[in-house]
Amino acid sequence: MISLTDSQKIGMGLTGFGVFFLFFGMMLFFDTALLAIGNILFVAGLSFVIGLERTFRFFFQRHKAKATGFFLGGVIVVLIGWPIVGVVLEIYGFFLLFRGFFPVAIGFIRRVPVLGSLLNLPGISSLVDKVGESNNMV
């Protein structure tokens with residue numbers, strides 16, 4: 001079993017609440033306040049989980065500058081008050097930032113009994129294969 005420090009446990013909670021607020025904010029027709037809270041909690045939780053220095057190094061690598069710009073720009077646009085445009089920018093930046101992690105996540109999900117069989121359905125498997133093999137930064 002993986003042992004987590006207290007700060008990592010707090011970070012997991014903050015990240016979970018951040019994802020919840022982001023989802024809930026989108027479900028309530030892109031409520032700006034909920035999306036802003038979700039963004040702040042998500043980034044703070046990520047910082048607690050992997051540490052401030054590693055978070056800074058992850059976001060501000062030279063080859064991830066475009067992805068970081070879109071993600072953090074989307075956060076700023078949401079905070080300014082344009083939630084739909086900001087969320088679109090964030091989603092694009094998120095996919096660019098975490099593109100290298102998708103093959104690992106898809107490989108893990110394929111080993112989960114029920115979810116793995118869902119990913120092998122005819123229409124979904126081709127899409128998942130396309131997402132799973134795109135691990136290069138553009």
# chains A, B, ... in the order shown; residues from 1 in each chain; ligands from 1
$ residues_around --residues "Leu46 of chain A" --least-positions-apart "3" --cutoff "8 Å" --atoms "only C-alpha atoms" --output "list in words"
Gly11, Met12, Thr15, Phe42, Val43, Val49, Ile50, Gly51 and Thr55 of chain A
$ write_last_selection --atoms "all heavy atoms" --output "PDB file, in the first residue's frame"
ATOM      1  N   GLY A  11      -3.559  17.425   0.200  1.00  0.00           N
ATOM      2  CA  GLY A  11      -3.559  17.735  -1.230  1.00  0.00           C
ATOM      3  C   GLY A  11      -4.561  16.906  -2.002  1.00  0.00           C
ATOM      4  O   GLY A  11      -5.225  17.406  -2.916  1.00  0.00           O
ATOM      5  N   MET A  12      -4.688  15.626  -1.655  1.00  0.00           N
ATOM      6  CA  MET A  12      -5.679  14.784  -2.322  1.00  0.00           C
ATOM      7  C   MET A  12      -7.089  15.306  -2.048  1.00  0.00           C
ATOM      8  O   MET A  12      -7.931  15.341  -2.944  1.00  0.00           O
ATOM      9  CB  MET A  12      -5.550  13.331  -1.848  1.00  0.00           C
ATOM     10  CG  MET A  12      -4.263  12.662  -2.268  1.00  0.00           C
ATOM     11  SD  MET A  12      -4.096  12.485  -4.046  1.00  0.00           S
ATOM     12  CE  MET A  12      -5.325  11.242  -4.352  1.00  0.00           C
ATOM     13  N   THR A  15      -7.533  18.569  -4.060  1.00  0.00           N
ATOM     14  CA  THR A  15      -7.701  18.260  -5.474  1.00  0.00           C
ATOM     15  C   THR A  15      -9.084  17.678  -5.745  1.00  0.00           C
ATOM     16  O   THR A  15      -9.743  18.039  -6.725  1.00  0.00           O
ATOM     17  CB  THR A  15      -6.607  17.285  -5.944  1.00  0.00           C
ATOM     18  OG1 THR A  15      -5.331  17.845  -5.651  1.00  0.00           O
ATOM     19  CG2 THR A  15      -6.704  17.022  -7.429  1.00  0.00           C
ATOM     20  N   PHE A  42      -7.904  23.031  -7.079  1.00  0.00           N
ATOM     21  CA  PHE A  42      -7.198  22.032  -7.869  1.00  0.00           C
ATOM     22  C   PHE A  42      -5.705  22.317  -7.924  1.00  0.00           C
ATOM     23  O   PHE A  42      -4.879  21.435  -7.689  1.00  0.00           O
ATOM     24  CB  PHE A  42      -7.778  21.963  -9.288  1.00  0.00           C
ATOM     25  CG  PHE A  42      -7.082  20.975 -10.170  1.00  0.00           C
ATOM     26  CD1 PHE A  42      -7.331  19.622 -10.039  1.00  0.00           C
ATOM     27  CD2 PHE A  42      -6.162  21.386 -11.128  1.00  0.00           C
ATOM     28  CE1 PHE A  42      -6.691  18.690 -10.842  1.00  0.00           C
ATOM     29  CE2 PHE A  42      -5.514  20.475 -11.931  1.00  0.00           C
ATOM     30  CZ  PHE A  42      -5.783  19.121 -11.793  1.00  0.00           C
ATOM     31  N   VAL A  43      -5.341  23.545  -8.220  1.00  0.00           N
ATOM     32  CA  VAL A  43      -3.914  23.901  -8.309  1.00  0.00           C
ATOM     33  C   VAL A  43      -3.256  23.819  -6.936  1.00  0.00           C
ATOM     34  O   VAL A  43      -2.127  23.326  -6.807  1.00  0.00           O
ATOM     35  CB  VAL A  43      -3.744  25.295  -8.947  1.00  0.00           C
ATOM     36  CG1 VAL A  43      -2.302  25.749  -8.900  1.00  0.00           C
ATOM     37  CG2 VAL A  43      -4.236  25.275 -10.391  1.00  0.00           C
ATOM     38  N   VAL A  49       0.206  17.804  -3.185  1.00  0.00           N
ATOM     39  CA  VAL A  49       0.479  16.397  -3.470  1.00  0.00           C
ATOM     40  C   VAL A  49       1.912  16.196  -3.940  1.00  0.00           C
ATOM     41  O   VAL A  49       2.623  15.317  -3.444  1.00  0.00           O
ATOM     42  CB  VAL A  49      -0.518  15.837  -4.509  1.00  0.00           C
ATOM     43  CG1 VAL A  49      -0.099  14.463  -4.984  1.00  0.00           C
ATOM     44  CG2 VAL A  49      -1.910  15.771  -3.922  1.00  0.00           C
ATOM     45  N   ILE A  50       2.365  16.989  -4.903  1.00  0.00           N
ATOM     46  CA  ILE A  50       3.703  16.755  -5.452  1.00  0.00           C
ATOM     47  C   ILE A  50       4.743  17.750  -4.949  1.00  0.00           C
ATOM     48  O   ILE A  50       5.920  17.607  -5.264  1.00  0.00           O
ATOM     49  CB  ILE A  50       3.691  16.735  -6.996  1.00  0.00           C
ATOM     50  CG1 ILE A  50       3.307  18.082  -7.580  1.00  0.00           C
ATOM     51  CG2 ILE A  50       2.788  15.645  -7.502  1.00  0.00           C
ATOM     52  CD1 ILE A  50       3.407  18.138  -9.093  1.00  0.00           C
ATOM     53  N   GLY A  51       4.334  18.749  -4.181  1.00  0.00           N
ATOM     54  CA  GLY A  51       5.270  19.721  -3.628  1.00  0.00           C
ATOM     55  C   GLY A  51       5.331  20.974  -4.485  1.00  0.00           C
ATOM     56  O   GLY A  51       5.099  20.936  -5.699  1.00  0.00           O
ATOM     57  N   THR A  55       5.820  21.177  -8.567  1.00  0.00           N
ATOM     58  CA  THR A  55       4.701  21.781  -9.288  1.00  0.00           C
ATOM     59  C   THR A  55       5.202  22.898 -10.183  1.00  0.00           C
ATOM     60  O   THR A  55       4.812  22.995 -11.349  1.00  0.00           O
ATOM     61  CB  THR A  55       3.654  22.330  -8.310  1.00  0.00           C
ATOM     62  OG1 THR A  55       3.197  21.275  -7.473  1.00  0.00           O
ATOM     63  CG2 THR A  55       2.479  22.934  -9.042  1.00  0.00           C
TER      64      THR A  55
END
$ select_by_dssp --residues "chain A" --states "alpha helix (DSSP H)" --output "JSON, numbers by chain"
{"A": [6, 7, 8, 9, 10, 11, 12, 13, 14, 15, 16, 17, 18, 19, 20, 21, 22, 23, 24, 25, 26, 27, 32, 33, 34, 35, 36, 37, 38, 39, 40, 41, 42, 43, 44, 45, 46, 47, 48, 49, 50, 52, 53, 54, 55, 56, 57, 58, 59, 65, 66, 67, 68, 69, 70, 71, 72, 73, 74, 75, 76, 77, 78, 79, 80, 83, 84, 85, 86, 87, 88, 89, 90, 91, 92, 93, 94, 95, 96, 97, 102, 103, 104, 105, 106, 107, 108, 109, 110, 111, 113, 114, 115, 116, 117, 118, 119, 122, 123, 124, 125, 126, 127, 128, 129, 130, 131, 132, 133]}
$ write_last_selection --atoms "C-alpha atoms" --output "compact mmCIF listing (two decimals), in the first residue's frame"
# COMPACT_ATOMS: atom_id res chain seq x y z
CA ASP A 6 -0.16 14.40 5.89
CA SER A 7 0.39 17.16 3.33
CA GLN A 8 -0.24 14.71 0.49
CA LYS A 9 -3.49 13.62 2.15
CA ILE A 10 -4.53 17.26 2.41
CA GLY A 11 -3.56 17.73 -1.23
CA MET A 12 -5.68 14.78 -2.32
CA GLY A 13 -8.64 16.29 -0.48
CA LEU A 14 -8.07 19.73 -1.99
CA THR A 15 -7.70 18.26 -5.47
CA GLY A 16 -10.86 16.21 -5.03
CA PHE A 17 -12.82 19.23 -3.84
CA GLY A 18 -11.38 21.23 -6.75
CA VAL A 19 -12.57 18.67 -9.29
CA PHE A 20 -15.97 18.56 -7.55
CA PHE A 21 -16.35 22.35 -7.67
CA LEU A 22 -15.26 22.45 -11.31
CA PHE A 23 -17.78 19.76 -12.24
CA PHE A 24 -20.53 21.36 -10.14
CA GLY A 25 -19.75 24.79 -11.61
CA MET A 26 -20.11 23.41 -15.15
CA MET A 27 -23.34 21.64 -14.24
CA THR A 32 -18.03 31.74 -12.28
CA ALA A 33 -17.63 31.56 -8.50
CA LEU A 34 -17.72 27.76 -8.34
CA LEU A 35 -15.30 27.44 -11.27
CA ALA A 36 -12.90 29.92 -9.66
CA ILE A 37 -13.00 28.03 -6.35
CA GLY A 38 -12.49 24.74 -8.20
CA ASN A 39 -9.48 26.09 -10.10
CA ILE A 40 -7.82 27.43 -6.98
CA LEU A 41 -8.45 24.23 -5.01
CA PHE A 42 -7.20 22.03 -7.87
CA VAL A 43 -3.91 23.90 -8.31
CA ALA A 44 -3.41 24.16 -4.53
CA GLY A 45 -4.11 20.44 -4.13
CA LEU A 46 -1.67 19.56 -6.88
CA SER A 47 0.95 21.67 -5.12
CA PHE A 48 0.35 19.83 -1.85
CA VAL A 49 0.48 16.40 -3.47
CA ILE A 50 3.70 16.75 -5.45
CA LEU A 52 5.70 23.36 -4.56
CA GLU A 53 9.06 22.98 -6.29
CA ARG A 54 7.96 20.02 -8.42
CA THR A 55 4.70 21.78 -9.29
CA PHE A 56 6.63 24.85 -10.41
CA ARG A 57 9.04 22.71 -12.44
CA PHE A 58 6.14 20.77 -14.00
CA PHE A 59 4.24 23.83 -15.18
CA ALA A 65 5.09 26.70 -22.11
CA LYS A 66 2.18 26.64 -24.56
CA ALA A 67 0.20 24.18 -22.42
CA THR A 68 0.87 26.13 -19.23
CA GLY A 69 -0.13 29.35 -20.95
CA PHE A 70 -3.46 27.91 -22.03
CA PHE A 71 -4.18 26.31 -18.65
CA LEU A 72 -3.23 29.26 -16.46
CA GLY A 73 -4.67 31.70 -19.00
CA GLY A 74 -7.96 29.81 -18.77
CA VAL A 75 -7.86 30.09 -14.98
CA ILE A 76 -7.33 33.85 -15.26
CA VAL A 77 -10.11 34.20 -17.83
CA VAL A 78 -12.49 32.34 -15.48
CA LEU A 79 -11.47 34.61 -12.61
CA ILE A 80 -12.07 37.67 -14.80
CA PRO A 83 -16.31 31.14 -17.63
CA ILE A 84 -17.08 29.35 -20.91
CA VAL A 85 -14.05 30.72 -22.75
CA GLY A 86 -11.87 30.10 -19.70
CA VAL A 87 -12.98 26.49 -19.30
CA VAL A 88 -12.34 25.77 -22.98
CA LEU A 89 -8.82 27.21 -22.63
CA GLU A 90 -8.24 25.23 -19.44
CA ILE A 91 -9.38 21.94 -20.97
CA TYR A 92 -7.11 22.43 -23.98
CA GLY A 93 -4.18 23.31 -21.70
CA PHE A 94 -4.96 20.38 -19.41
CA PHE A 95 -4.84 17.92 -22.29
CA LEU A 96 -1.58 19.41 -23.53
CA LEU A 97 -0.04 19.34 -20.04
CA PHE A 102 -2.81 9.47 -20.71
CA PRO A 103 -1.22 6.22 -21.98
CA VAL A 104 -0.38 5.21 -18.40
CA ALA A 105 -3.90 6.05 -17.17
CA ILE A 106 -5.57 4.23 -20.07
CA GLY A 107 -3.37 1.18 -19.52
CA PHE A 108 -4.39 1.15 -15.87
CA ILE A 109 -8.09 1.61 -16.63
CA ARG A 110 -7.98 -1.23 -19.17
CA ARG A 111 -6.92 -3.60 -16.37
CA PRO A 113 -12.61 -5.33 -14.74
CA VAL A 114 -15.74 -3.31 -15.65
CA LEU A 115 -14.06 -0.20 -17.03
CA GLY A 116 -11.67 -2.25 -19.18
CA SER A 117 -14.55 -3.98 -20.93
CA LEU A 118 -16.20 -0.59 -21.55
CA LEU A 119 -13.02 0.74 -23.14
CA PRO A 122 -16.13 -0.96 -30.78
CA GLY A 123 -16.77 2.80 -30.93
CA ILE A 124 -14.87 3.66 -27.80
CA SER A 125 -11.77 1.51 -28.36
CA SER A 126 -10.59 3.39 -31.45
CA LEU A 127 -10.95 6.73 -29.68
CA VAL A 128 -9.17 5.41 -26.57
CA ASP A 129 -6.38 3.96 -28.72
CA LYS A 130 -5.91 7.33 -30.41
CA VAL A 131 -5.76 9.16 -27.07
CA GLY A 132 -3.55 6.46 -25.54
CA GLU A 133 -0.84 6.68 -28.16
$ atom_distance --atom1 "atom CA of Phe101 of chain A" --atom2 "atom CA of Lys64 of chain A"
13.7 Å
$ atom_distance --atom1 "atom CA of Gln61 of chain A" --atom2 "atom CA of Thr5 of chain A"
26.3 Å
$ decode --residues "segment 87-102 of chain A" --atoms "N, CA and C atoms" --output "PDB file, in the first residue's frame"
ATOM      1  N   VAL A  87     -12.961  27.941 -19.447  1.00  0.00           N
ATOM      2  CA  VAL A  87     -12.984  26.488 -19.300  1.00  0.00           C
ATOM      3  C   VAL A  87     -12.483  25.812 -20.569  1.00  0.00           C
ATOM      4  N   VAL A  88     -12.833  26.343 -21.719  1.00  0.00           N
ATOM      5  CA  VAL A  88     -12.341  25.775 -22.976  1.00  0.00           C
ATOM      6  C   VAL A  88     -10.817  25.886 -23.039  1.00  0.00           C
ATOM      7  N   LEU A  89     -10.278  27.036 -22.656  1.00  0.00           N
ATOM      8  CA  LEU A  89      -8.822  27.208 -22.635  1.00  0.00           C
ATOM      9  C   LEU A  89      -8.162  26.264 -21.625  1.00  0.00           C
ATOM     10  N   GLU A  90      -8.789  26.126 -20.457  1.00  0.00           N
ATOM     11  CA  GLU A  90      -8.245  25.226 -19.442  1.00  0.00           C
ATOM     12  C   GLU A  90      -8.236  23.780 -19.908  1.00  0.00           C
ATOM     13  N   ILE A  91      -9.307  23.326 -20.520  1.00  0.00           N
ATOM     14  CA  ILE A  91      -9.384  21.942 -20.973  1.00  0.00           C
ATOM     15  C   ILE A  91      -8.324  21.668 -22.025  1.00  0.00           C
ATOM     16  N   TYR A  92      -8.140  22.603 -22.963  1.00  0.00           N
ATOM     17  CA  TYR A  92      -7.106  22.433 -23.979  1.00  0.00           C
ATOM     18  C   TYR A  92      -5.722  22.389 -23.330  1.00  0.00           C
ATOM     19  N   GLY A  93      -5.465  23.305 -22.404  1.00  0.00           N
ATOM     20  CA  GLY A  93      -4.184  23.311 -21.704  1.00  0.00           C
ATOM     21  C   GLY A  93      -3.976  22.074 -20.858  1.00  0.00           C
ATOM     22  N   PHE A  94      -5.047  21.586 -20.224  1.00  0.00           N
ATOM     23  CA  PHE A  94      -4.956  20.377 -19.408  1.00  0.00           C
ATOM     24  C   PHE A  94      -4.561  19.184 -20.259  1.00  0.00           C
ATOM     25  N   PHE A  95      -5.189  19.042 -21.425  1.00  0.00           N
ATOM     26  CA  PHE A  95      -4.845  17.922 -22.294  1.00  0.00           C
ATOM     27  C   PHE A  95      -3.428  18.037 -22.826  1.00  0.00           C
ATOM     28  N   LEU A  96      -2.971  19.251 -23.099  1.00  0.00           N
ATOM     29  CA  LEU A  96      -1.584  19.412 -23.534  1.00  0.00           C
ATOM     30  C   LEU A  96      -0.601  19.118 -22.397  1.00  0.00           C
ATOM     31  N   LEU A  97      -0.939  19.555 -21.181  1.00  0.00           N
ATOM     32  CA  LEU A  97      -0.044  19.336 -20.044  1.00  0.00           C
ATOM     33  C   LEU A  97       0.075  17.864 -19.672  1.00  0.00           C
ATOM     34  N   PHE A  98      -1.051  17.161 -19.628  1.00  0.00           N
ATOM     35  CA  PHE A  98      -1.060  15.802 -19.128  1.00  0.00           C
ATOM     36  C   PHE A  98      -1.116  14.762 -20.237  1.00  0.00           C
ATOM     37  N   ARG A  99      -0.745  15.137 -21.430  1.00  0.00           N
ATOM     38  CA  ARG A  99      -0.766  14.229 -22.577  1.00  0.00           C
ATOM     39  C   ARG A  99       0.130  13.011 -22.357  1.00  0.00           C
ATOM     40  N   GLY A 100       1.251  13.199 -21.732  1.00  0.00           N
ATOM     41  CA  GLY A 100       2.158  12.094 -21.480  1.00  0.00           C
ATOM     42  C   GLY A 100       1.642  11.109 -20.445  1.00  0.00           C
ATOM     43  N   PHE A 101       0.700  11.529 -19.628  1.00  0.00           N
ATOM     44  CA  PHE A 101       0.143  10.664 -18.592  1.00  0.00           C
ATOM     45  C   PHE A 101      -1.011   9.806 -19.105  1.00  0.00           C
ATOM     46  N   PHE A 102      -1.634  10.190 -20.212  1.00  0.00           N
ATOM     47  CA  PHE A 102      -2.813   9.475 -20.714  1.00  0.00           C
ATOM     48  C   PHE A 102      -2.546   8.008 -21.047  1.00  0.00           C
TER      49      PHE A 102
END
